[in-house]
file input.txt (compact mmCIF, N, CA, C and O atoms)
# COMPACT_ATOMS: atom_id res chain seq x y z
N MET A 1 -48.50 70.35 -24.92
CA MET A 1 -47.64 71.48 -24.84
C MET A 1 -47.07 71.54 -23.41
O MET A 1 -47.81 71.44 -22.45
N ARG A 2 -45.75 71.64 -23.28
CA ARG A 2 -45.09 71.68 -21.97
C ARG A 2 -44.93 73.12 -21.49
O ARG A 2 -44.51 73.98 -22.25
N LYS A 3 -45.27 73.36 -20.26
CA LYS A 3 -45.18 74.67 -19.62
C LYS A 3 -44.61 74.48 -18.22
O LYS A 3 -44.27 73.37 -17.83
N GLN A 4 -44.58 75.58 -17.44
CA GLN A 4 -44.07 75.50 -16.07
C GLN A 4 -44.88 76.41 -15.16
O GLN A 4 -45.23 77.53 -15.54
N VAL A 5 -45.17 75.93 -13.96
CA VAL A 5 -45.87 76.73 -12.96
C VAL A 5 -44.96 77.88 -12.54
O VAL A 5 -43.75 77.71 -12.38
N GLU A 6 -45.55 79.06 -12.36
CA GLU A 6 -44.80 80.28 -12.03
C GLU A 6 -44.07 80.22 -10.69
O GLU A 6 -42.98 80.73 -10.55
N ASP A 7 -44.66 79.59 -9.69
CA ASP A 7 -44.10 79.66 -8.34
C ASP A 7 -44.34 78.32 -7.63
O ASP A 7 -44.24 77.27 -8.25
N GLU A 8 -44.71 78.38 -6.37
CA GLU A 8 -44.96 77.16 -5.60
C GLU A 8 -46.22 76.46 -6.07
O GLU A 8 -47.17 77.10 -6.51
N TRP A 9 -46.22 75.15 -5.93
CA TRP A 9 -47.38 74.32 -6.27
C TRP A 9 -47.75 73.55 -5.02
O TRP A 9 -46.90 72.91 -4.38
N ASN A 10 -49.04 73.61 -4.65
CA ASN A 10 -49.53 72.91 -3.46
C ASN A 10 -50.59 71.88 -3.78
O ASN A 10 -51.25 71.37 -2.89
N GLY A 11 -50.79 71.60 -5.05
CA GLY A 11 -51.77 70.59 -5.44
C GLY A 11 -53.11 71.19 -5.83
O GLY A 11 -53.26 72.40 -5.94
N TRP A 12 -54.05 70.30 -6.04
CA TRP A 12 -55.42 70.69 -6.43
C TRP A 12 -56.29 70.77 -5.19
O TRP A 12 -56.30 69.85 -4.38
N ASP A 13 -57.05 71.87 -5.04
CA ASP A 13 -57.91 72.02 -3.87
C ASP A 13 -59.40 72.12 -4.22
O ASP A 13 -60.22 72.35 -3.36
N GLY A 14 -59.74 71.96 -5.48
CA GLY A 14 -61.13 72.06 -5.89
C GLY A 14 -61.42 73.34 -6.63
O GLY A 14 -62.36 73.41 -7.42
N ASP A 15 -60.63 74.38 -6.37
CA ASP A 15 -60.82 75.68 -7.03
C ASP A 15 -59.45 76.33 -7.28
O ASP A 15 -59.29 77.53 -7.14
N THR A 16 -58.47 75.52 -7.62
CA THR A 16 -57.09 75.98 -7.79
C THR A 16 -56.95 76.88 -9.01
O THR A 16 -57.50 76.59 -10.07
N VAL A 17 -56.20 77.97 -8.85
CA VAL A 17 -55.83 78.84 -9.96
C VAL A 17 -54.33 78.65 -10.17
O VAL A 17 -53.55 78.74 -9.22
N VAL A 18 -53.94 78.38 -11.41
CA VAL A 18 -52.55 78.09 -11.74
C VAL A 18 -52.02 79.17 -12.68
O VAL A 18 -52.57 79.37 -13.76
N LYS A 19 -50.95 79.84 -12.26
CA LYS A 19 -50.30 80.82 -13.13
C LYS A 19 -49.04 80.17 -13.69
O LYS A 19 -48.22 79.64 -12.94
N LEU A 20 -48.88 80.24 -15.01
CA LEU A 20 -47.73 79.63 -15.67
C LEU A 20 -46.71 80.69 -16.03
O LEU A 20 -47.02 81.89 -16.09
N THR A 21 -45.48 80.27 -16.29
CA THR A 21 -44.39 81.20 -16.58
C THR A 21 -44.61 81.96 -17.88
O THR A 21 -43.98 83.00 -18.09
N ASP A 22 -45.49 81.49 -18.76
CA ASP A 22 -45.77 82.23 -19.99
C ASP A 22 -46.81 83.32 -19.78
O ASP A 22 -47.21 84.00 -20.72
N GLY A 23 -47.29 83.49 -18.54
CA GLY A 23 -48.26 84.52 -18.21
C GLY A 23 -49.70 84.07 -18.25
O GLY A 23 -50.59 84.80 -17.81
N SER A 24 -49.97 82.89 -18.76
CA SER A 24 -51.35 82.41 -18.81
C SER A 24 -51.81 81.97 -17.42
O SER A 24 -51.00 81.56 -16.58
N VAL A 25 -53.12 82.10 -17.18
CA VAL A 25 -53.71 81.74 -15.89
C VAL A 25 -54.86 80.78 -16.16
O VAL A 25 -55.71 81.03 -17.01
N TRP A 26 -54.89 79.70 -15.39
CA TRP A 26 -55.86 78.62 -15.58
C TRP A 26 -56.56 78.33 -14.27
O TRP A 26 -55.95 78.38 -13.21
N ARG A 27 -57.86 78.02 -14.34
CA ARG A 27 -58.64 77.65 -13.15
C ARG A 27 -59.10 76.20 -13.27
O ARG A 27 -59.52 75.75 -14.34
N GLN A 28 -59.02 75.51 -12.16
CA GLN A 28 -59.50 74.13 -12.10
C GLN A 28 -60.98 74.12 -12.44
O GLN A 28 -61.75 74.90 -11.89
N ASP A 29 -61.40 73.22 -13.33
CA ASP A 29 -62.78 73.20 -13.83
C ASP A 29 -63.53 71.93 -13.46
O ASP A 29 -64.61 71.67 -13.97
N GLU A 30 -62.94 71.11 -12.60
CA GLU A 30 -63.61 69.92 -12.07
C GLU A 30 -63.08 69.70 -10.66
O GLU A 30 -61.97 70.11 -10.35
N TYR A 31 -63.90 69.07 -9.82
CA TYR A 31 -63.45 68.88 -8.44
C TYR A 31 -62.48 67.71 -8.34
O TYR A 31 -62.76 66.61 -8.82
N HIS A 32 -61.34 67.96 -7.72
CA HIS A 32 -60.37 66.93 -7.38
C HIS A 32 -59.48 67.53 -6.31
O HIS A 32 -59.01 68.66 -6.45
N TYR A 33 -59.27 66.78 -5.22
CA TYR A 33 -58.36 67.25 -4.17
C TYR A 33 -57.16 66.32 -4.11
O TYR A 33 -57.32 65.10 -4.03
N GLU A 34 -55.98 66.91 -4.19
CA GLU A 34 -54.75 66.13 -4.06
C GLU A 34 -53.64 67.10 -3.68
O GLU A 34 -53.38 68.07 -4.39
N TYR A 35 -53.00 66.83 -2.53
CA TYR A 35 -51.93 67.72 -2.08
C TYR A 35 -50.57 67.17 -2.51
O TYR A 35 -50.31 65.98 -2.38
N ARG A 36 -49.73 68.07 -2.99
CA ARG A 36 -48.32 67.75 -3.26
C ARG A 36 -47.59 69.07 -3.42
O ARG A 36 -47.94 69.86 -4.29
N TYR A 37 -46.59 69.28 -2.59
CA TYR A 37 -45.80 70.50 -2.70
C TYR A 37 -44.69 70.30 -3.72
O TYR A 37 -44.03 69.27 -3.75
N SER A 38 -44.48 71.32 -4.54
CA SER A 38 -43.39 71.32 -5.50
C SER A 38 -43.09 72.77 -5.85
O SER A 38 -43.97 73.62 -5.78
N TYR A 39 -41.86 73.04 -6.24
CA TYR A 39 -41.51 74.40 -6.66
C TYR A 39 -41.31 74.42 -8.17
O TYR A 39 -40.44 73.72 -8.70
N ARG A 40 -42.14 75.20 -8.85
CA ARG A 40 -42.11 75.38 -10.30
C ARG A 40 -42.13 74.07 -11.10
O ARG A 40 -41.28 73.85 -11.96
N PRO A 41 -43.11 73.20 -10.83
CA PRO A 41 -43.16 71.94 -11.59
C PRO A 41 -43.53 72.18 -13.05
O PRO A 41 -44.14 73.20 -13.41
N GLN A 42 -43.17 71.24 -13.88
CA GLN A 42 -43.56 71.25 -15.29
C GLN A 42 -45.02 70.79 -15.40
O GLN A 42 -45.47 69.97 -14.59
N VAL A 43 -45.73 71.30 -16.39
CA VAL A 43 -47.09 70.87 -16.66
C VAL A 43 -47.22 70.53 -18.13
O VAL A 43 -46.49 71.06 -18.97
N THR A 44 -48.15 69.64 -18.42
CA THR A 44 -48.49 69.32 -19.79
C THR A 44 -49.93 69.74 -20.01
O THR A 44 -50.82 69.33 -19.25
N LEU A 45 -50.16 70.57 -21.02
CA LEU A 45 -51.51 71.01 -21.39
C LEU A 45 -51.90 70.35 -22.69
O LEU A 45 -51.15 70.41 -23.67
N ALA A 46 -53.06 69.73 -22.70
CA ALA A 46 -53.59 69.12 -23.92
C ALA A 46 -55.08 69.42 -23.93
O ALA A 46 -55.82 68.94 -23.06
N ALA A 47 -55.50 70.23 -24.91
CA ALA A 47 -56.90 70.70 -24.98
C ALA A 47 -57.21 71.41 -23.67
O ALA A 47 -56.57 72.39 -23.34
N ASN A 48 -58.17 70.89 -22.90
CA ASN A 48 -58.52 71.54 -21.64
C ASN A 48 -58.09 70.69 -20.44
O ASN A 48 -58.66 70.79 -19.37
N LEU A 49 -57.07 69.85 -20.62
CA LEU A 49 -56.55 69.02 -19.53
C LEU A 49 -55.15 69.46 -19.16
O LEU A 49 -54.31 69.70 -20.03
N MET A 50 -54.89 69.55 -17.85
CA MET A 50 -53.57 69.91 -17.36
C MET A 50 -53.06 68.80 -16.45
O MET A 50 -53.75 68.41 -15.51
N HIS A 51 -51.88 68.30 -16.76
CA HIS A 51 -51.23 67.34 -15.88
C HIS A 51 -49.98 67.98 -15.31
O HIS A 51 -49.09 68.39 -16.07
N VAL A 52 -49.94 68.11 -14.00
CA VAL A 52 -48.78 68.67 -13.31
C VAL A 52 -47.89 67.50 -12.91
O VAL A 52 -48.37 66.52 -12.34
N ASP A 53 -46.60 67.60 -13.23
CA ASP A 53 -45.66 66.53 -12.90
C ASP A 53 -45.76 66.17 -11.42
O ASP A 53 -45.78 67.05 -10.56
N GLY A 54 -45.86 64.88 -11.14
CA GLY A 54 -45.95 64.39 -9.77
C GLY A 54 -47.36 64.15 -9.29
O GLY A 54 -47.56 63.50 -8.26
N MET A 55 -48.36 64.66 -10.00
CA MET A 55 -49.75 64.46 -9.60
C MET A 55 -50.28 63.17 -10.23
O MET A 55 -49.76 62.71 -11.24
N SER A 56 -51.34 62.62 -9.65
CA SER A 56 -51.82 61.31 -10.07
C SER A 56 -52.53 61.30 -11.42
O SER A 56 -52.56 60.28 -12.09
N ARG A 57 -53.11 62.45 -11.81
CA ARG A 57 -53.86 62.47 -13.08
C ARG A 57 -54.01 63.88 -13.61
O ARG A 57 -53.77 64.86 -12.90
N ALA A 58 -54.45 63.98 -14.85
CA ALA A 58 -54.74 65.27 -15.47
C ALA A 58 -56.10 65.77 -14.97
O ALA A 58 -57.00 64.99 -14.70
N ILE A 59 -56.22 67.09 -14.87
CA ILE A 59 -57.43 67.75 -14.40
C ILE A 59 -57.94 68.70 -15.48
O ILE A 59 -57.17 69.37 -16.13
N ARG A 60 -59.27 68.73 -15.63
CA ARG A 60 -59.89 69.66 -16.59
C ARG A 60 -59.71 71.09 -16.07
O ARG A 60 -60.00 71.37 -14.89
N VAL A 61 -59.24 71.98 -16.92
CA VAL A 61 -59.00 73.37 -16.56
C VAL A 61 -59.62 74.30 -17.60
O VAL A 61 -59.96 73.85 -18.70
N ARG A 62 -59.74 75.58 -17.24
CA ARG A 62 -60.26 76.60 -18.14
C ARG A 62 -59.34 77.81 -18.04
O ARG A 62 -58.99 78.24 -16.94
N ARG A 63 -58.95 78.35 -19.17
CA ARG A 63 -58.07 79.53 -19.18
C ARG A 63 -58.89 80.76 -18.79
O ARG A 63 -59.95 81.02 -19.36
N ILE A 64 -58.37 81.53 -17.83
CA ILE A 64 -59.08 82.73 -17.39
C ILE A 64 -58.29 84.00 -17.73
O ILE A 64 -58.80 85.10 -17.55
N ASP A 65 -57.05 83.86 -18.19
CA ASP A 65 -56.27 85.03 -18.59
C ASP A 65 -55.08 84.60 -19.41
O ASP A 65 -54.53 83.57 -19.28

call {"tool": "encode", "arguments": {"input": "input.txt", "output": "structure tokens"}}
result
Amino acid sequence: MRKQVEDEWNGWDGDTVVKLTDGSVWRQDEYHYEYRYSYRPQVTLAANLMHVDGMSRAIRVRRID
């Protein structure tokens, strides 16, 4: 499922919270650090994996809202 980050994206920091334009909020659920700045990048959600366009890999996430 394709979605979009609500605002600025600064990458994964180990405890990243991601708010999407549909109002859903997701928390990083595995440790991975990777910096990349982007404004409102597209994301792909599949089960509990989120891949943000431009990042090296999908990260396990958990919906918190």

call {"tool": "closest_residue", "arguments": {"input": "input.txt", "among": "A:Leu45, A:Ala58, A:Ser38, A:Tyr31", "to": "Glu6 (chain A)", "atoms": "only C-alpha atoms"}}
result
A:Ser38

call {"tool": "closest_residue", "arguments": {"input": "input.txt", "among": "A:Gln28, A:Gln42, A:Gln4, A:Ser56", "to": "Thr16 (chain A)", "atoms": "all atoms listed in the file"}}
result
A:Gln28

call {"tool": "residues_near_point", "arguments": {"input": "input.txt", "point": "(-58.3, 70.0, -8.7)", "cutoff": "6 Å", "atoms": "all atoms listed in the file", "output": "PyMOL selection string"}}
result
chain A and resi 12-16+28+30-34

call {"tool": "atom_distance", "arguments": {"input": "input.txt", "atom1": "atom C of Asp7 (chain A)", "atom2": "atom O of Ile59 (chain A)"}}
result
17.8 Å

call {"tool": "select_by_dssp", "arguments": {"input": "input.txt", "residues": "chain A", "states": "strand (DSSP E or B)", "output": "PyMOL selection string"}}
result
chain A and resi 2-5+8-9+12-13+17-20+25-28+33-34+38-39+42-46+49-52+59-63

call {"tool": "residues_around", "arguments": {"input": "input.txt", "residues": "Thr44 (chain A)", "least_positions_apart": "6", "cutoff": "6 Å", "atoms": "only C-alpha atoms", "output": "PyMOL selection string"}}
result
chain A and resi 1-2+50-51

call {"tool": "write_last_selection", "arguments": {"input": "input.txt", "atoms": "N, CA, C and O atoms", "output": "compact mmCIF listing (two decimals), in the frame of the given file"}}
result
# COMPACT_ATOMS: atom_id res chain seq x y z
N MET A 1 -48.50 70.35 -24.92
CA MET A 1 -47.64 71.48 -24.84
C MET A 1 -47.07 71.54 -23.41
O MET A 1 -47.81 71.44 -22.45
N ARG A 2 -45.75 71.64 -23.28
CA ARG A 2 -45.09 71.68 -21.97
C ARG A 2 -44.93 73.12 -21.49
O ARG A 2 -44.51 73.98 -22.25
N MET A 50 -54.89 69.55 -17.85
CA MET A 50 -53.57 69.91 -17.36
C MET A 50 -53.06 68.80 -16.45
O MET A 50 -53.75 68.41 -15.51
N HIS A 51 -51.88 68.30 -16.76
CA HIS A 51 -51.23 67.34 -15.88
C HIS A 51 -49.98 67.98 -15.31
O HIS A 51 -49.09 68.39 -16.07

call {"tool": "axis_aligned_box", "arguments": {"input": "input.txt", "around": "region 37-45 of chain A", "padding_each_side": "8 Å", "output": "JSON"}}
result
{"center_x": -46.2, "center_y": 72.3, "center_z": -13.1, "size_x": 27.5, "size_y": 22.1, "size_z": 37.1}

call {"tool": "residues_near_point", "arguments": {"input": "input.txt", "point": "(-43.4, 76.0, -10.2)", "cutoff": "5 Å", "atoms": "all atoms listed in the file", "output": "PyMOL selection string"}}
result
chain A and resi 5-8+39-41

call {"tool": "write_last_selection", "arguments": {"input": "input.txt", "atoms": "N, CA, C and O atoms", "output": "short mmCIF file (atom, residue, chain, number, x, y, z; two decimals), in the frame of the given file"}}
result
data_model
loop_
_atom_site.label_atom_id
_atom_site.label_comp_id
_atom_site.auth_asym_id
_atom_site.auth_seq_id
_atom_site.Cartn_x
_atom_site.Cartn_y
_atom_site.Cartn_z
N VAL A 5 -45.17 75.93 -13.96
CA VAL A 5 -45.87 76.73 -12.96
C VAL A 5 -44.96 77.88 -12.54
O VAL A 5 -43.75 77.71 -12.38
N GLU A 6 -45.55 79.06 -12.36
CA GLU A 6 -44.80 80.28 -12.03
C GLU A 6 -44.07 80.22 -10.69
O GLU A 6 -42.98 80.73 -10.55
N ASP A 7 -44.66 79.59 -9.69
CA ASP A 7 -44.10 79.66 -8.34
C ASP A 7 -44.34 78.32 -7.63
O ASP A 7 -44.24 77.27 -8.25
N GLU A 8 -44.71 78.38 -6.37
CA GLU A 8 -44.96 77.16 -5.60
C GLU A 8 -46.22 76.46 -6.07
O GLU A 8 -47.17 77.10 -6.51
N TYR A 39 -41.86 73.04 -6.24
CA TYR A 39 -41.51 74.40 -6.66
C TYR A 39 -41.31 74.42 -8.17
O TYR A 39 -40.44 73.72 -8.70
N ARG A 40 -42.14 75.20 -8.85
CA ARG A 40 -42.11 75.38 -10.30
C ARG A 40 -42.13 74.07 -11.10
O ARG A 40 -41.28 73.85 -11.96
N PRO A 41 -43.11 73.20 -10.83
CA PRO A 41 -43.16 71.94 -11.59
C PRO A 41 -43.53 72.18 -13.05
O PRO A 41 -44.14 73.20 -13.41
#

call {"tool": "atom_distance", "arguments": {"input": "input.txt", "atom1": "atom N of Val17 (chain A)", "atom2": "atom O of Ala46 (chain A)"}}
result
16.8 Å

call {"tool": "closest_residue", "arguments": {"input": "input.txt", "among": "A:Asp29, A:Leu20, A:Tyr37, A:Val43", "to": "Val61 (chain A)", "atoms": "all atoms listed in the file"}}
result
A:Asp29

call {"tool": "atom_distance", "arguments": {"input": "input.txt", "atom1": "CA of Arg57 (chain A)", "atom2": "CA of Val25 (chain A)"}}
result
19.5 Å
